[in-house]
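Asks: Sharing entry.cif here; it has mmCIF, C-alpha atoms.
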```
data_data
#
loop_
_atom_site.label_atom_id
_atom_site.label_comp_id
_atom_site.auth_asym_id
_atom_site.auth_seq_id
_atom_site.Cartn_x
_atom_site.Cartn_y
_atom_site.Cartn_z
CA MET A 1 33.32 -11.26 128.46
CA ASP A 2 34.04 -8.15 130.53
CA ASN A 3 31.46 -5.57 129.49
CA THR A 4 32.35 -2.95 132.08
CA GLU A 5 34.63 -0.97 129.76
CA SER A 6 32.89 1.50 127.48
CA THR A 7 35.59 0.91 124.85
CA ILE A 8 33.80 -2.25 123.68
CA LYS A 9 32.21 -1.11 120.44
CA VAL A 10 29.14 -2.70 118.88
CA LEU A 11 27.58 -2.00 115.48
CA VAL A 12 23.80 -2.54 115.32
CA THR A 13 22.19 -2.79 111.89
CA GLY A 14 18.51 -1.92 111.57
CA ALA A 15 19.09 0.25 114.63
CA TYR A 16 15.84 2.24 114.59
CA GLY A 17 13.56 -0.74 113.96
CA LEU A 18 11.56 -2.49 116.67
CA LEU A 19 14.28 -4.95 117.67
CA GLY A 20 17.19 -2.73 116.72
CA SER A 21 16.09 0.23 118.85
CA HIS A 22 15.59 -1.98 121.90
CA THR A 23 18.98 -3.57 121.26
CA VAL A 24 20.62 -0.14 121.21
CA ARG A 25 19.00 0.64 124.57
CA GLU A 26 20.01 -2.75 126.02
CA LEU A 27 23.64 -2.22 125.01
CA ILE A 28 23.87 1.36 126.27
CA GLU A 29 22.32 0.39 129.61
CA ASN A 30 24.99 -2.31 129.93
CA GLY A 31 27.93 -0.03 129.25
CA TYR A 32 28.70 -0.60 125.58
CA GLN A 33 29.63 1.94 122.92
CA VAL A 34 27.06 1.66 120.12
CA ARG A 35 27.18 2.59 116.46
CA ALA A 36 23.61 2.72 115.17
CA PHE A 37 23.40 1.81 111.47
CA GLY A 38 20.43 2.48 109.17
CA ARG A 39 19.32 4.12 105.94
CA ASP A 40 17.14 6.96 107.27
CA PRO A 41 19.16 9.93 108.62
CA GLU A 42 16.15 11.46 110.39
CA LYS A 43 15.33 8.27 112.29
CA LEU A 44 18.99 7.84 113.23
CA SER A 45 19.06 11.41 114.50
CA GLU A 46 15.93 10.81 116.58
CA LEU A 47 17.51 7.68 118.04
CA ALA A 48 20.68 9.55 119.00
CA LYS A 49 18.68 12.37 120.59
CA GLU A 50 16.65 9.87 122.61
CA TYR A 51 19.79 8.76 124.45
CA ASN A 52 21.75 12.02 124.22
CA CYS A 53 24.95 10.41 125.51
CA GLU A 54 28.50 9.77 124.37
CA GLN A 55 27.82 6.03 124.16
CA ILE A 56 26.10 6.27 120.77
CA ASP A 57 27.10 7.44 117.31
CA THR A 58 25.26 6.91 114.05
CA PHE A 59 26.17 5.73 110.57
CA CYS A 60 23.75 6.35 107.72
CA GLY A 61 24.06 3.63 105.13
CA ASP A 62 22.65 0.50 103.52
CA PHE A 63 24.18 -2.91 104.25
CA CYS A 64 23.20 -3.90 100.73
CA ASN A 65 25.93 -1.45 99.71
CA VAL A 66 29.32 -3.11 100.21
CA SER A 67 31.14 0.17 100.82
CA ASP A 68 28.64 1.36 103.46
CA ILE A 69 28.78 -1.71 105.67
CA ASP A 70 32.53 -1.98 105.21
CA LYS A 71 33.09 1.55 106.53
CA ALA A 72 30.56 1.06 109.34
CA CYS A 73 32.37 -2.05 110.64
CA GLU A 74 35.71 -0.26 110.87
CA GLY A 75 36.88 -0.07 114.48
CA MET A 76 34.03 -2.21 115.81
CA ASP A 77 34.46 -5.19 118.14
CA TYR A 78 31.07 -6.86 117.59
CA VAL A 79 28.23 -6.64 115.08
CA ILE A 80 24.58 -7.33 115.89
CA HIS A 81 22.65 -7.78 112.67
CA CYS A 82 19.01 -6.82 113.22
CA GLY A 83 18.41 -5.29 109.79
CA ALA A 84 16.10 -7.16 107.40
CA LEU A 85 13.23 -6.77 104.99
CA LEU A 86 10.32 -7.70 107.26
CA LYS A 87 7.18 -6.93 105.28
CA GLY A 88 4.96 -9.92 104.63
CA TRP A 89 4.49 -9.44 100.91
CA GLY A 90 6.68 -8.38 97.98
CA ARG A 91 8.88 -9.53 95.13
CA ARG A 92 11.22 -12.42 95.82
CA GLY A 93 14.18 -10.43 94.52
CA GLU A 94 13.65 -7.76 97.19
CA TYR A 95 13.97 -10.32 99.97
CA ILE A 96 16.99 -12.02 98.43
CA ARG A 97 18.80 -8.71 97.93
CA THR A 98 18.25 -7.51 101.49
CA ASN A 99 18.09 -10.63 103.63
CA VAL A 100 20.54 -12.86 101.77
CA ASP A 101 22.91 -10.67 99.75
CA GLY A 102 22.86 -8.04 102.49
CA THR A 103 23.81 -10.63 105.11
CA ARG A 104 26.65 -11.78 102.85
CA ASN A 105 27.92 -8.18 102.76
CA VAL A 106 27.78 -8.02 106.56
CA LEU A 107 29.74 -11.28 106.83
CA ASP A 108 32.39 -10.06 104.38
CA ALA A 109 32.81 -6.78 106.27
CA CYS A 110 33.05 -8.65 109.58
CA ALA A 111 35.75 -10.90 108.16
CA LYS A 112 37.71 -7.98 106.72
CA HIS A 113 37.69 -6.05 109.99
CA LYS A 114 38.24 -9.11 112.18
CA ILE A 115 35.01 -8.65 114.13
CA LYS A 116 35.12 -10.81 117.27
CA ARG A 117 31.60 -12.12 116.77
CA LEU A 118 28.58 -11.56 114.57
CA ILE A 119 25.24 -11.93 116.33
CA HIS A 120 22.69 -12.68 113.66
CA THR A 121 18.91 -12.32 113.95
CA SER A 122 17.33 -15.29 112.21
CA SER A 123 13.75 -16.58 112.24
CA PRO A 124 12.02 -19.62 113.78
CA SER A 125 10.58 -20.66 110.43
CA ALA A 126 8.98 -23.89 111.56
CA HIS A 127 5.45 -23.10 110.41
CA ALA A 128 3.55 -26.21 109.41
CA LEU A 129 0.04 -27.47 108.90
CA ARG A 130 0.10 -29.23 112.24
CA ASN A 131 0.27 -28.20 115.87
CA ASN A 132 3.65 -28.46 117.56
CA LEU A 133 3.99 -27.66 121.24
CA ASN A 134 7.72 -28.23 121.79
CA ILE A 135 9.76 -26.97 118.85
CA THR A 136 13.48 -27.13 119.56
CA GLU A 137 16.36 -25.56 117.64
CA GLU A 138 16.93 -28.85 115.81
CA ASP A 139 13.38 -28.78 114.40
CA GLN A 140 14.06 -25.90 112.02
CA ASN A 141 12.24 -26.62 108.74
CA GLU A 142 14.84 -25.65 106.16
CA SER A 143 12.60 -26.59 103.23
CA ASN A 144 9.86 -24.15 104.27
CA ARG A 145 8.70 -21.91 101.42
CA LEU A 146 5.55 -20.48 102.93
CA ASN A 147 6.56 -17.00 101.82
CA TYR A 148 9.58 -15.16 100.47
CA TYR A 149 10.49 -13.70 103.85
CA ILE A 150 10.81 -17.16 105.43
CA GLU A 151 12.71 -18.51 102.43
CA SER A 152 15.18 -15.61 102.50
CA LYS A 153 15.75 -15.79 106.27
CA LEU A 154 16.44 -19.52 106.02
CA MET A 155 18.91 -18.85 103.21
CA ALA A 156 20.60 -16.13 105.25
CA GLU A 157 20.91 -18.39 108.28
CA LYS A 158 22.45 -21.13 106.13
CA LEU A 159 24.91 -18.58 104.79
CA VAL A 160 26.01 -17.62 108.30
CA ARG A 161 26.24 -21.19 109.54
CA SER A 162 28.16 -22.51 106.52
CA GLN A 163 31.07 -20.05 106.73
CA ASP A 164 34.08 -20.27 109.04
CA LYS A 165 35.68 -16.83 108.73
CA VAL A 166 33.50 -15.03 111.28
CA PRO A 167 32.57 -16.40 114.73
CA TYR A 168 28.81 -16.12 115.14
CA SER A 169 25.82 -16.68 117.37
CA MET A 170 22.18 -16.27 116.41
CA ILE A 171 18.71 -16.00 117.82
CA ARG A 172 15.38 -17.08 116.32
CA PRO A 173 12.89 -14.73 117.98
CA ARG A 174 9.23 -15.66 117.62
CA GLY A 175 6.70 -12.88 117.03
CA ILE A 176 8.60 -9.83 118.30
CA THR A 177 6.21 -7.25 119.68
CA GLY A 178 6.01 -4.21 121.92
CA ILE A 179 5.93 -0.42 121.58
CA GLY A 180 7.00 0.31 118.02
CA ASP A 181 5.43 -2.88 116.63
CA ARG A 182 4.03 -2.16 113.16
CA ASN A 183 3.25 -5.69 112.07
CA MET A 184 1.50 -7.77 114.71
CA LEU A 185 -0.58 -5.83 117.23
CA PRO A 186 -1.62 -3.07 114.78
CA VAL A 187 -2.88 -5.75 112.37
CA LEU A 188 -4.80 -7.41 115.21
CA ILE A 189 -6.42 -4.08 116.10
CA ASN A 190 -7.40 -3.31 112.49
CA VAL A 191 -8.77 -6.80 111.84
CA ASN A 192 -10.82 -6.65 115.04
CA ARG A 193 -12.24 -3.31 113.95
CA GLN A 194 -13.08 -4.43 110.42
CA ILE A 195 -14.33 -8.03 110.51
CA GLY A 196 -13.34 -9.58 113.81
CA ILE A 197 -10.41 -11.82 114.73
CA PRO A 198 -10.38 -15.13 112.82
CA LEU A 199 -10.93 -17.97 115.25
CA PHE A 200 -9.77 -21.46 114.28
CA GLN A 201 -10.15 -24.71 116.25
CA LYS A 202 -12.81 -23.05 118.42
CA GLY A 203 -10.15 -20.70 119.78
CA LYS A 204 -7.96 -23.50 121.13
CA VAL A 205 -4.85 -22.13 119.41
CA LEU A 206 -1.79 -21.03 121.37
CA VAL A 207 0.43 -18.15 120.25
CA ASP A 208 4.06 -17.77 121.31
CA LEU A 209 5.47 -14.23 121.31
CA VAL A 210 8.48 -12.34 122.62
CA CYS A 211 8.70 -8.79 123.93
CA ALA A 212 11.28 -6.73 122.05
CA GLU A 213 13.14 -5.99 125.31
CA ASN A 214 13.64 -9.71 125.91
CA ALA A 215 14.82 -10.40 122.37
CA ALA A 216 17.32 -7.52 122.69
CA MET A 217 18.62 -8.98 125.94
CA ALA A 218 19.07 -12.35 124.20
CA LEU A 219 21.18 -10.68 121.50
CA ARG A 220 23.40 -9.14 124.17
CA LEU A 221 23.78 -12.48 125.95
CA CYS A 222 24.74 -14.15 122.66
CA MET A 223 27.49 -11.56 122.34
CA GLU A 224 28.76 -12.04 125.90
CA LYS A 225 28.62 -15.81 126.40
CA ASP A 226 31.44 -17.96 125.05
CA GLU A 227 29.06 -20.93 125.02
CA ALA A 228 26.98 -19.16 122.35
CA VAL A 229 29.60 -19.30 119.60
CA GLY A 230 28.26 -21.32 116.66
CA GLN A 231 24.86 -21.76 118.31
CA ALA A 232 21.28 -20.78 117.48
CA TYR A 233 18.63 -20.10 120.12
CA ASN A 234 14.84 -20.00 120.07
CA ILE A 235 13.73 -16.86 121.89
CA THR A 236 10.19 -16.29 123.18
CA ASN A 237 8.64 -15.01 126.38
CA GLY A 238 8.08 -18.59 127.48
CA GLU A 239 4.42 -17.86 128.21
CA PRO A 240 2.17 -19.16 125.40
CA LYS A 241 -1.33 -17.69 125.40
CA LEU A 242 -4.55 -18.71 123.70
CA VAL A 243 -5.44 -16.38 120.84
CA THR A 244 -8.62 -15.46 122.72
CA GLU A 245 -6.72 -14.81 125.95
CA LEU A 246 -4.29 -12.50 124.19
CA ALA A 247 -7.10 -10.68 122.38
CA GLU A 248 -9.23 -10.22 125.49
CA GLU A 249 -6.29 -8.83 127.44
CA MET A 250 -5.31 -6.54 124.59
CA PHE A 251 -8.72 -5.05 123.87
CA THR A 252 -9.63 -4.72 127.54
CA ALA A 253 -6.48 -2.62 127.93
CA LEU A 254 -7.58 -0.56 124.92
CA GLY A 255 -11.01 -0.02 126.45
CA THR A 256 -12.93 -1.92 123.79
CA LYS A 257 -14.09 -5.48 123.06
CA ALA A 258 -12.59 -8.29 121.04
CA ARG A 259 -14.78 -9.61 118.22
CA TYR A 260 -14.37 -13.03 116.66
CA ILE A 261 -15.31 -14.83 113.47
CA ARG A 262 -15.17 -18.64 113.53
CA LEU A 263 -13.53 -20.16 110.45
CA PRO A 264 -12.48 -23.66 109.26
CA PHE A 265 -8.72 -23.94 108.84
CA MET A 266 -8.17 -25.92 105.62
CA PRO A 267 -10.70 -24.08 103.39
CA VAL A 268 -9.33 -20.73 104.57
CA TYR A 269 -5.75 -21.89 104.05
CA ALA A 270 -6.64 -22.99 100.51
CA ALA A 271 -8.35 -19.65 99.83
CA ALA A 272 -5.24 -17.81 101.03
CA GLY A 273 -3.10 -19.87 98.68
CA LEU A 274 -5.40 -19.02 95.78
CA LEU A 275 -5.27 -15.31 96.58
CA GLU A 276 -1.48 -15.40 96.73
CA THR A 277 -1.37 -17.12 93.32
CA LEU A 278 -3.66 -14.49 91.80
CA TRP A 279 -1.63 -11.63 93.27
CA LYS A 280 1.57 -13.10 91.79
CA LEU A 281 -0.11 -13.82 88.46
CA PHE A 282 -1.17 -10.20 88.12
CA LYS A 283 2.11 -8.95 89.65
CA VAL A 284 0.49 -7.14 92.55
CA TYR A 285 3.35 -6.60 94.97
CA ASP A 286 2.68 -3.19 96.45
CA LYS A 287 -0.19 -4.49 98.58
CA ALA A 288 -0.58 -7.88 100.25
CA PRO A 289 -3.62 -10.10 99.63
CA PRO A 290 -6.32 -9.74 102.28
CA LEU A 291 -5.45 -13.27 103.38
CA THR A 292 -2.08 -15.04 103.31
CA ARG A 293 -1.07 -18.57 104.29
CA ILE A 294 1.41 -17.33 106.86
CA ASN A 295 -1.31 -15.36 108.66
CA VAL A 296 -3.66 -18.33 108.58
CA CYS A 297 -0.96 -20.59 110.04
CA THR A 298 -0.07 -18.05 112.72
CA LEU A 299 -3.66 -17.85 113.96
CA GLY A 300 -4.71 -21.39 113.11
CA ARG A 301 -1.96 -23.65 114.39
CA SER A 302 -0.25 -23.75 117.80
CA GLN A 303 3.50 -23.35 117.31
CA ILE A 304 5.28 -23.29 120.69
CA PHE A 305 9.05 -22.98 120.86
CA SER A 306 11.25 -24.39 123.60
CA ILE A 307 13.60 -21.82 125.14
CA GLU A 308 15.34 -24.31 127.43
CA LYS A 309 18.59 -24.13 125.48
CA ALA A 310 18.69 -20.32 125.82
CA ARG A 311 17.94 -20.60 129.53
CA ARG A 312 20.62 -23.22 130.04
CA GLU A 313 23.45 -21.77 127.93
CA LEU A 314 22.75 -18.02 127.96
CA GLY A 315 21.10 -17.64 131.34
CA TYR A 316 18.18 -16.11 129.45
CA GLU A 317 15.11 -15.25 131.53
CA PRO A 318 12.47 -12.88 130.13
CA LYS A 319 12.44 -9.60 132.04
CA VAL A 320 9.23 -8.14 130.56
CA SER A 321 6.01 -10.18 130.67
CA LEU A 322 3.41 -10.15 127.91
CA SER A 323 0.90 -8.58 130.30
CA GLU A 324 3.32 -5.74 131.07
CA MET A 325 3.95 -5.24 127.35
CA ILE A 326 0.24 -5.19 126.50
CA LYS A 327 -0.43 -2.59 129.19
CA LYS A 328 2.41 -0.35 127.97
CA TYR A 329 1.44 -0.81 124.33
CA ALA A 330 -2.20 0.06 125.01
CA GLU A 331 -1.26 3.17 126.98
CA ASN A 332 1.03 4.31 124.17
CA TYR A 333 -1.59 3.50 121.52
CA VAL A 334 -4.31 5.48 123.29
CA ARG A 335 -1.98 8.48 123.63
CA GLY A 336 -1.50 8.28 119.88
#
```
As a first step, turn the structure in this file into structure tokens.

Replies:
Amino acid sequence: MDNTESTIKVLVTGAYGLLGSHTVRELIENGYQVRAFGRDPEKLSELAKEYNCEQIDTFCGDFCNVSDIDKACEGMDYVIHCGALLKGWGRRGEYIRTNVDGTRNVLDACAKHKIKRLIHTSSPSAHALRNNLNITEEDQNESNRLNYYIESKLMAEKLVRSQDKVPYSMIRPRGITGIGDRNMLPVLINVNRQIGIPLFQKGKVLVDLVCAENAAMALRLCMEKDEAVGQAYNITNGEPKLVTELAEEMFTALGTKARYIRLPFMPVYAAAGLLETLWKLFKVYDKAPPLTRINVCTLGRSQIFSIEKARRELGYEPKVSLSEMIKKYAENYVRG
């Protein structure tokens, strides 16, 4: 696809989020005209001011509202769907409304306006109670119900894949992080401060992450490459790190020390399940339990995703290393 003409117009949902904001930057830097879509007018305004160029316009709306996403898609060539309900705890209905019904609205709007391709952000929901060091795209665990977020993202992906009205490509980014991260690194910092980082299997657990810049590049490549139509791609940095290695690098950059607390996996996993049951029983949805099964699995089981397909078909090669990201994140964090 020739991306040298600025007339190629791309709508980005969730445009001021971690992935969305980096996607906007990636597209502008590669000559595209971007329409940034989101619900918060102030954040959209800040995003537009950051670039201060004719290549970006904003649309304030909610893709859960059929009229909003319909109007936003008008005149667009491509749609990159980054928007989603990402929080790790809440009512099932919230996730279904945003991640499933909202995606259906995006698909319908794309079909109506004859969008050339929808690039959908899915999730590598292959969490399991065992280590897996070479998870391919075919290994997606569609029966996973570890939490409502995973369930809803799997449902949304199935929705995209089962329709034939809108050409699509999708990525499954693992553990997106970087400046603007509100879920992963901040939690690690708070846990380290409060009780210490849970250490399972004597610290012999590998984590697989992706810098937001790299995930954004993968979305662009999915839009540009004809080979990507109808395909899904695992996206990581391709540099798994031990939990302890990541923590040491992170807290050294922050000028402090990593603390650890050794824990047995199965009893902690069972305790997390019990806490989740109690929270649901008493309808506590505004605040997550102190321990959840997804967090235990993330820190307690090595889940490494193969990115060979993305390398082969998209020409994907990470441009920002985890060490670079950690350094930048720490500098930004210290500045406040």

Asks: For this file, the PyMOL selection byres ((chain A and resi 148) around 10) selects which residues, as a list in words?

Replies: Lys87, Gly88, Trp89, Gly90, Arg91, Arg92, Gly93, Glu94, Tyr95, Ile96, Asn144, Arg145, Leu146, Asn147, Tyr149, Ile150, Glu151, Ser152, Lys153 and Leu154 of chain A

Asks: Please produce an output containing C-alpha atoms for each residue in the selection, written as a PDB file, in the coordinates of the input.

Replies:
```
ATOM      1  CA  LYS A  87       7.180  -6.930 105.280  1.00  0.00           C
ATOM      2  CA  GLY A  88       4.960  -9.920 104.630  1.00  0.00           C
ATOM      3  CA  TRP A  89       4.490  -9.440 100.910  1.00  0.00           C
ATOM      4  CA  GLY A  90       6.680  -8.380  97.980  1.00  0.00           C
ATOM      5  CA  ARG A  91       8.880  -9.530  95.130  1.00  0.00           C
ATOM      6  CA  ARG A  92      11.220 -12.420  95.820  1.00  0.00           C
ATOM      7  CA  GLY A  93      14.180 -10.430  94.520  1.00  0.00           C
ATOM      8  CA  GLU A  94      13.650  -7.760  97.190  1.00  0.00           C
ATOM      9  CA  TYR A  95      13.970 -10.320  99.970  1.00  0.00           C
ATOM     10  CA  ILE A  96      16.990 -12.020  98.430  1.00  0.00           C
ATOM     11  CA  ASN A 144       9.860 -24.150 104.270  1.00  0.00           C
ATOM     12  CA  ARG A 145       8.700 -21.910 101.420  1.00  0.00           C
ATOM     13  CA  LEU A 146       5.550 -20.480 102.930  1.00  0.00           C
ATOM     14  CA  ASN A 147       6.560 -17.000 101.820  1.00  0.00           C
ATOM     15  CA  TYR A 149      10.490 -13.700 103.850  1.00  0.00           C
ATOM     16  CA  ILE A 150      10.810 -17.160 105.430  1.00  0.00           C
ATOM     17  CA  GLU A 151      12.710 -18.510 102.430  1.00  0.00           C
ATOM     18  CA  SER A 152      15.180 -15.610 102.500  1.00  0.00           C
ATOM     19  CA  LYS A 153      15.750 -15.790 106.270  1.00  0.00           C
ATOM     20  CA  LEU A 154      16.440 -19.520 106.020  1.00  0.00           C
TER      21      LEU A 154
END
```

Asks: Using only C-alpha atoms, which of A:Ala15, A:Lys112, A:Pro267, A:Gln55 sits nearest A:His81?

Replies: A:Ala15

Asks: Have a look at atom CA of A:Arg130 and atom CA of A:Val160 and let me know their distance in Å, one decimal.

Replies: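 Atom-to-atom, atom CA of A:Arg130 and atom CA of A:Val160 are spaced 28.7 Å apart.
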
Asks: Of the candidates A:Glu142, A:Asp208, A:Glu248, A:Glu224, which shows the shortest atom-to-atom distance to A:Leu188, using only C-alpha atoms?

Replies: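 Between A:Glu142, A:Asp208, A:Glu248, A:Glu224, the residue approaching A:Leu188 most closely is A:Glu248.
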
Asks: Got a sec to resolve the PyMOL selection byres ((chain A and resi 107) around 12) on this structure and send the residues as a ChimeraX atom specification?

Replies: /A:63-64,66,69-70,73,78-81,100-106,108-120,156-157,159-168

Asks: Dump C-alpha atoms for the selected residues as a compact mmCIF listing (two decimals), keeping the file's coordinate frame?

Replies:
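For reference, out27.txt as written:
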```txt
# COMPACT_ATOMS: atom_id res chain seq x y z
CA PHE A 63 24.18 -2.91 104.25
CA CYS A 64 23.20 -3.90 100.73
CA VAL A 66 29.32 -3.11 100.21
CA ILE A 69 28.78 -1.71 105.67
CA ASP A 70 32.53 -1.98 105.21
CA CYS A 73 32.37 -2.05 110.64
CA TYR A 78 31.07 -6.86 117.59
CA VAL A 79 28.23 -6.64 115.08
CA ILE A 80 24.58 -7.33 115.89
CA HIS A 81 22.65 -7.78 112.67
CA VAL A 100 20.54 -12.86 101.77
CA ASP A 101 22.91 -10.67 99.75
CA GLY A 102 22.86 -8.04 102.49
CA THR A 103 23.81 -10.63 105.11
CA ARG A 104 26.65 -11.78 102.85
CA ASN A 105 27.92 -8.18 102.76
CA VAL A 106 27.78 -8.02 106.56
CA ASP A 108 32.39 -10.06 104.38
CA ALA A 109 32.81 -6.78 106.27
CA CYS A 110 33.05 -8.65 109.58
CA ALA A 111 35.75 -10.90 108.16
CA LYS A 112 37.71 -7.98 106.72
CA HIS A 113 37.69 -6.05 109.99
CA LYS A 114 38.24 -9.11 112.18
CA ILE A 115 35.01 -8.65 114.13
CA LYS A 116 35.12 -10.81 117.27
CA ARG A 117 31.60 -12.12 116.77
CA LEU A 118 28.58 -11.56 114.57
CA ILE A 119 25.24 -11.93 116.33
CA HIS A 120 22.69 -12.68 113.66
CA ALA A 156 20.60 -16.13 105.25
CA GLU A 157 20.91 -18.39 108.28
CA LEU A 159 24.91 -18.58 104.79
CA VAL A 160 26.01 -17.62 108.30
CA ARG A 161 26.24 -21.19 109.54
CA SER A 162 28.16 -22.51 106.52
CA GLN A 163 31.07 -20.05 106.73
CA ASP A 164 34.08 -20.27 109.04
CA LYS A 165 35.68 -16.83 108.73
CA VAL A 166 33.50 -15.03 111.28
CA PRO A 167 32.57 -16.40 114.73
CA TYR A 168 28.81 -16.12 115.14
```

Asks: In file coordinates, which residues lie within 10 Å of (31.0, 1.5, 107.2) using all atoms listed in the file, given as an mmCIF file with C-alpha atoms, keeping the file's coordinate frame?

Replies:
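The resulting file, out08.cif, is shown below:
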```
data_model
loop_
_atom_site.group_PDB
_atom_site.id
_atom_site.type_symbol
_atom_site.label_atom_id
_atom_site.label_comp_id
_atom_site.auth_asym_id
_atom_site.auth_seq_id
_atom_site.Cartn_x
_atom_site.Cartn_y
_atom_site.Cartn_z
ATOM 1 C CA LEU A 11 27.580 -2.000 115.480
ATOM 2 C CA PHE A 37 23.400 1.810 111.470
ATOM 3 C CA PHE A 59 26.170 5.730 110.570
ATOM 4 C CA CYS A 60 23.750 6.350 107.720
ATOM 5 C CA GLY A 61 24.060 3.630 105.130
ATOM 6 C CA ASP A 62 22.650 0.500 103.520
ATOM 7 C CA PHE A 63 24.180 -2.910 104.250
ATOM 8 C CA ASN A 65 25.930 -1.450 99.710
ATOM 9 C CA VAL A 66 29.320 -3.110 100.210
ATOM 10 C CA SER A 67 31.140 0.170 100.820
ATOM 11 C CA ASP A 68 28.640 1.360 103.460
ATOM 12 C CA ILE A 69 28.780 -1.710 105.670
ATOM 13 C CA ASP A 70 32.530 -1.980 105.210
ATOM 14 C CA LYS A 71 33.090 1.550 106.530
ATOM 15 C CA ALA A 72 30.560 1.060 109.340
ATOM 16 C CA CYS A 73 32.370 -2.050 110.640
ATOM 17 C CA GLU A 74 35.710 -0.260 110.870
ATOM 18 C CA GLY A 75 36.880 -0.070 114.480
ATOM 19 C CA MET A 76 34.030 -2.210 115.810
ATOM 20 C CA ALA A 109 32.810 -6.780 106.270
#
```

Asks: From the list A:Ile189, A:Ala232, A:Ile8, A:Ile195, which residue is nearest A:Glu313 when using only C-alpha atoms?

Replies: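 Closest residue, counting only C-alpha atoms: A:Ala232.
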
Asks: Could you please determine the separation between atom CA of A:Ala48 and atom CA of A:Asn30 in Å, to one decimal place?

Replies: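 Atom-to-atom, atom CA of A:Ala48 to atom CA of A:Asn30, that is 16.7 Å.
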
Asks: Within 9 Å of (-9.9, -5.3, 121.9) in the file's own coordinates, which protein, DNA or RNA residues have an atom, counting all atoms listed in the file? List them as a list in words.

Replies: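 Here the neighbourhood of the point contains Leu188, Ile189, Asn192, Arg193, Ala247, Glu248, Glu249, Met250, Phe251, Thr252, Ala253, Leu254, Gly255, Thr256, Lys257, Ala258 and Arg259 of chain A.
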
Asks: With all atoms listed in the file as the atoms that count, which of A:Val12, A:Leu263, A:Cys297, A:Ile28 lies nearest to A:Leu44?

Replies: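 Among the listed residues, the smallest separation from A:Leu44 belongs to A:Val12.
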